[in-house]
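Undergrad: Following this message is one structure expressed as structure tokens.
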Amino acid sequence: MPLKTIPPLSRRTLLRALGAGAVLGGLAGCGVPAAYVRPGDRAAVDHSSTEQRLSWANWPLYIDTDDEHPTRRPTLEAFEQRTGISVEYVEEINDNDEFFGKVGPALMNRQSTGRDLIVVSDWMSARFVRLGWVQEMDRARQPNVTRYLDPQLRSPSFDPGRTCTVPWQSGITGIAYNRRRTGREIRQVSDLWASDLKGRVTLLSGLDEAFALLMQGNGVDITRWTADDFHTVCDQVEKQVQGGQIRRFTGNDYIKDLSGGDVLACQAYSGDVIQLQADDPDIEFVVPEEGAELWAESLMIPNLARHKANAERLIDYYYDPEVAAELAAWVNYVCPVPAAREVLASAKDEESAALAENPLVFPDGEMRGRLAIARDIDPDERVEFSGRWNQIAGL
């Protein structure tokens, strides 16, 4: 399972205040009763026993592929061969809000989306869960999930006990910088505001992607942050924008800026930086001394899915440590199955074995002590907070 080189395409894209999901986002944010689906209206007749198939919507470049045959997906093909279940795998999710707008009309009108499994970022998963648009999973069909799911990811505030969601991959939002060009280490969030970095710093555009790390720089416990904490961060960022410290706000295009030298330090995702380091070992990723955000993108079974049991079986398959290790060696994000580390450590391939020691894929105890999962922005807060942040970021 050698390390694969993946094109730097985003799986966590910027939050769009306007766009395909804006209308439905407003409904969710305002808590419109008609959008909520009661538990008794979420399940359809499950045809898994008679129809050996399922449909899975995921992000581009988020599963292992064969180097010689890019259209082939080894772990997925192995599942199909092992179970006899045919999987329609569609790389159709490019933006959380866009996808919300795509499937939302069906879900709010109690109609099937035509999909049995979807993957979105946890801040968006929270919206689906609150609206009652996804089903609880049967853990009796998922012994691997029960046994191997990373304890640190087991109980987010929006889905206690992970009854409706299971992490597909996880990651860290921290700081990336070029050690050779800065000539020094960056250890704290406040280091981004140093005078020698003026005009060569970027922050992430999306509110949900950016705010937690900046709060942690102020010593805030992001599991219980407040409106005052948010507005303090906005005041600080606004000042840095006005002073010319921040070059711009970005999606994953920070990758190009950092690798090209236009930017010296930026907010970044751990998985992206692993890929950058393959080409430029001077690029460092740091979990600041004050901490960093641990996030996940999660698998969910939408309401009225026709093949729920098949979807649950597929999810559990990817929590087999052997399978999780093969996937981790390709995507390079934080693996939600810590037991996969031992599998990689025993690999004959040197690159795979080295990956087992990479704390950006398998965080060690010291790093985990500085990672936290932010409480999500609740519906009553979102309109106000998005408005202020998007104005600062120029969205």
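Lettering and numbering for the structure tokens are positional, with chains as A, B, ... in the shown order, residues counted from 1 in each chain, and ligands counted from 1 in the shown order.
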Among range 229-283 of chain A, which ones does DSSP assign to alpha helix (DSSP H) (computed from the backbone)? Answer as an NGL selection string.

TA: :A and (229-242 or 254-260 or 270-279)

Undergrad: I need the residues from that last selection saved to file as a compact mmCIF listing (two decimals), in the first residue's frame (with N, CA and C atoms), if you can.

TA:
```txt
# COMPACT_ATOMS: atom_id res chain seq x y z
N ASP A 229 -17.05 35.21 22.03
CA ASP A 229 -15.80 34.65 21.51
C ASP A 229 -15.74 34.84 19.99
N PHE A 230 -16.86 34.62 19.34
CA PHE A 230 -16.90 34.77 17.88
C PHE A 230 -16.64 36.21 17.46
N HIS A 231 -17.31 37.14 18.09
CA HIS A 231 -17.15 38.54 17.68
C HIS A 231 -15.76 39.08 18.02
N THR A 232 -15.15 38.55 19.07
CA THR A 232 -13.77 38.93 19.37
C THR A 232 -12.83 38.52 18.23
N VAL A 233 -13.02 37.31 17.73
CA VAL A 233 -12.22 36.84 16.60
C VAL A 233 -12.47 37.72 15.37
N CYS A 234 -13.70 38.04 15.11
CA CYS A 234 -14.01 38.88 13.95
C CYS A 234 -13.35 40.25 14.06
N ASP A 235 -13.36 40.82 15.27
CA ASP A 235 -12.70 42.11 15.48
C ASP A 235 -11.22 42.00 15.16
N GLN A 236 -10.60 40.91 15.61
CA GLN A 236 -9.16 40.72 15.37
C GLN A 236 -8.86 40.55 13.89
N VAL A 237 -9.64 39.72 13.22
CA VAL A 237 -9.40 39.47 11.80
C VAL A 237 -9.65 40.74 10.98
N GLU A 238 -10.68 41.47 11.33
CA GLU A 238 -10.97 42.72 10.64
C GLU A 238 -9.79 43.68 10.74
N LYS A 239 -9.20 43.76 11.90
CA LYS A 239 -8.03 44.62 12.10
C LYS A 239 -6.87 44.17 11.23
N GLN A 240 -6.66 42.86 11.14
CA GLN A 240 -5.55 42.35 10.33
C GLN A 240 -5.79 42.57 8.84
N VAL A 241 -7.04 42.50 8.42
CA VAL A 241 -7.37 42.79 7.02
C VAL A 241 -7.08 44.25 6.72
N GLN A 242 -7.54 45.11 7.59
CA GLN A 242 -7.34 46.55 7.38
C GLN A 242 -5.86 46.93 7.39
N TYR A 254 -5.12 27.82 -1.28
CA TYR A 254 -3.94 28.18 -0.48
C TYR A 254 -2.77 27.27 -0.83
N ILE A 255 -3.07 26.08 -1.32
CA ILE A 255 -2.03 25.12 -1.68
C ILE A 255 -1.09 25.72 -2.72
N LYS A 256 -1.68 26.33 -3.75
CA LYS A 256 -0.88 26.94 -4.81
C LYS A 256 -0.08 28.12 -4.27
N ASP A 257 -0.70 28.94 -3.42
CA ASP A 257 -0.02 30.11 -2.88
C ASP A 257 1.18 29.71 -2.01
N LEU A 258 0.99 28.70 -1.19
CA LEU A 258 2.05 28.27 -0.28
C LEU A 258 3.19 27.59 -1.04
N SER A 259 2.86 26.71 -1.96
CA SER A 259 3.91 26.00 -2.70
C SER A 259 4.66 26.94 -3.63
N GLY A 260 3.98 28.00 -4.10
CA GLY A 260 4.63 28.93 -5.01
C GLY A 260 5.42 30.02 -4.32
N SER A 270 -4.60 19.24 7.36
CA SER A 270 -3.49 18.30 7.53
C SER A 270 -3.28 17.41 6.31
N GLY A 271 -4.35 16.88 5.72
CA GLY A 271 -4.19 15.98 4.58
C GLY A 271 -3.58 16.65 3.37
N ASP A 272 -3.93 17.91 3.13
CA ASP A 272 -3.34 18.64 2.02
C ASP A 272 -1.83 18.82 2.20
N VAL A 273 -1.44 19.10 3.43
CA VAL A 273 -0.02 19.39 3.70
C VAL A 273 0.83 18.15 3.53
N ILE A 274 0.31 16.99 3.87
CA ILE A 274 1.06 15.76 3.64
C ILE A 274 1.42 15.64 2.16
N GLN A 275 0.48 15.97 1.30
CA GLN A 275 0.75 15.91 -0.13
C GLN A 275 1.78 16.95 -0.56
N LEU A 276 1.68 18.16 -0.01
CA LEU A 276 2.64 19.21 -0.34
C LEU A 276 4.05 18.83 0.10
N GLN A 277 4.15 18.19 1.25
CA GLN A 277 5.47 17.82 1.78
C GLN A 277 6.19 16.82 0.89
N ALA A 278 5.42 16.04 0.13
CA ALA A 278 6.05 15.08 -0.77
C ALA A 278 6.89 15.78 -1.83
N ASP A 279 6.49 17.01 -2.19
CA ASP A 279 7.23 17.78 -3.19
C ASP A 279 8.14 18.83 -2.58
```

Undergrad: Within 12 Å of Asp221 in chain A, counting only C-alpha atoms, which residues show up once you throw out same-chain ones fewer than 3 positions away? Write them as a ChimeraX atom specification, please.

TA: /A:212-218,224-226,229-230,290-293,370-375

Undergrad: Using only C-alpha atoms, which residues sit within 8 Å of Asn58 in chain A once same-chain residues fewer than 5 positions away are excluded, as a ChimeraX atom specification?

TA: /A:89-93,118-120

Undergrad: DSSP on the backbone: which residues in range 290-362 of chain A end up as strand (DSSP E)? Give the answer as a ChimeraX atom specification.

TA: /A:292-300

Undergrad: How would the residues just picked look written out with N, CA, C and O atoms as a tab-separated table (two decimals), in the first residue's frame?

TA:
```tsv
chain	number	residue	atom	x	y	z
A	292	ALA	N	-5.77	22.91	18.11
A	292	ALA	CA	-6.29	22.95	16.75
A	292	ALA	C	-7.59	22.18	16.70
A	292	ALA	O	-7.91	21.40	17.59
A	293	GLU	N	-8.31	22.40	15.60
A	293	GLU	CA	-9.62	21.75	15.46
A	293	GLU	C	-9.49	20.39	14.80
A	293	GLU	O	-8.85	20.23	13.75
A	294	LEU	N	-10.11	19.39	15.41
A	294	LEU	CA	-10.25	18.07	14.81
A	294	LEU	C	-11.65	17.99	14.21
A	294	LEU	O	-12.63	18.28	14.88
A	295	TRP	N	-11.74	17.62	12.95
A	295	TRP	CA	-13.03	17.55	12.29
A	295	TRP	C	-13.18	16.23	11.56
A	295	TRP	O	-12.23	15.44	11.47
A	296	ALA	N	-14.36	16.00	11.06
A	296	ALA	CA	-14.60	14.78	10.29
A	296	ALA	C	-15.58	15.08	9.16
A	296	ALA	O	-16.31	16.07	9.20
A	297	GLU	N	-15.55	14.24	8.16
A	297	GLU	CA	-16.58	14.20	7.14
A	297	GLU	C	-17.22	12.83	7.24
A	297	GLU	O	-16.52	11.81	7.29
A	298	SER	N	-18.54	12.81	7.34
A	298	SER	CA	-19.20	11.60	7.81
A	298	SER	C	-20.17	10.99	6.81
A	298	SER	O	-20.80	11.67	6.00
A	299	LEU	N	-20.27	9.68	6.93
A	299	LEU	CA	-21.22	8.88	6.17
A	299	LEU	C	-22.58	8.96	6.85
A	299	LEU	O	-22.69	8.85	8.08
A	300	MET	N	-23.63	9.13	6.04
A	300	MET	CA	-25.00	9.15	6.56
A	300	MET	C	-25.92	8.43	5.58
A	300	MET	O	-25.67	8.40	4.37
```

Undergrad: Quick one: residues within 12 Å of Ser121 in chain A, only C-alpha atoms counted, chain neighbours fewer than 6 positions away excluded, as an MDAnalysis selection string?

TA: chainID A and resid 10:15 58:59 93:97 99:100 127:128 165:171 208:209 294:300 376

Undergrad: CA of Asp191 in chain A to CA of Phe285 in chain A: how many Å, to one decimal?

TA: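 About the pair CA of Asp191 in chain A and CA of Phe285 in chain A: they are 13.7 Å apart.
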
Undergrad: Measuring atom to atom with only C-alpha atoms, identify which of A:Ala43, A:Phe158, A:Leu61, A:Arg115 is nearest to Thr223 in chain A.

TA: A:Phe158

Undergrad: When you look at Asn178 in chain A with a cut-off of 8 Å (counting only C-alpha atoms), what residues show up, excluding the ones that are within fewer than 6 positions of it in the same chain? I need them as a VMD selection string.

TA: chain A and resid 258 264 to 265 282 to 284

Undergrad: Find the residues around Arg162 in chain A up to 12 Å (only C-alpha atoms counted), leave out those fewer than 3 positions away in its own chain, and share them as a count of residues only.

TA: 30

Undergrad: In Å, rounded to a single decimal, give me how far CA of Ala309 in chain A is from CA of His47 in chain A.

TA: 8.5 Å
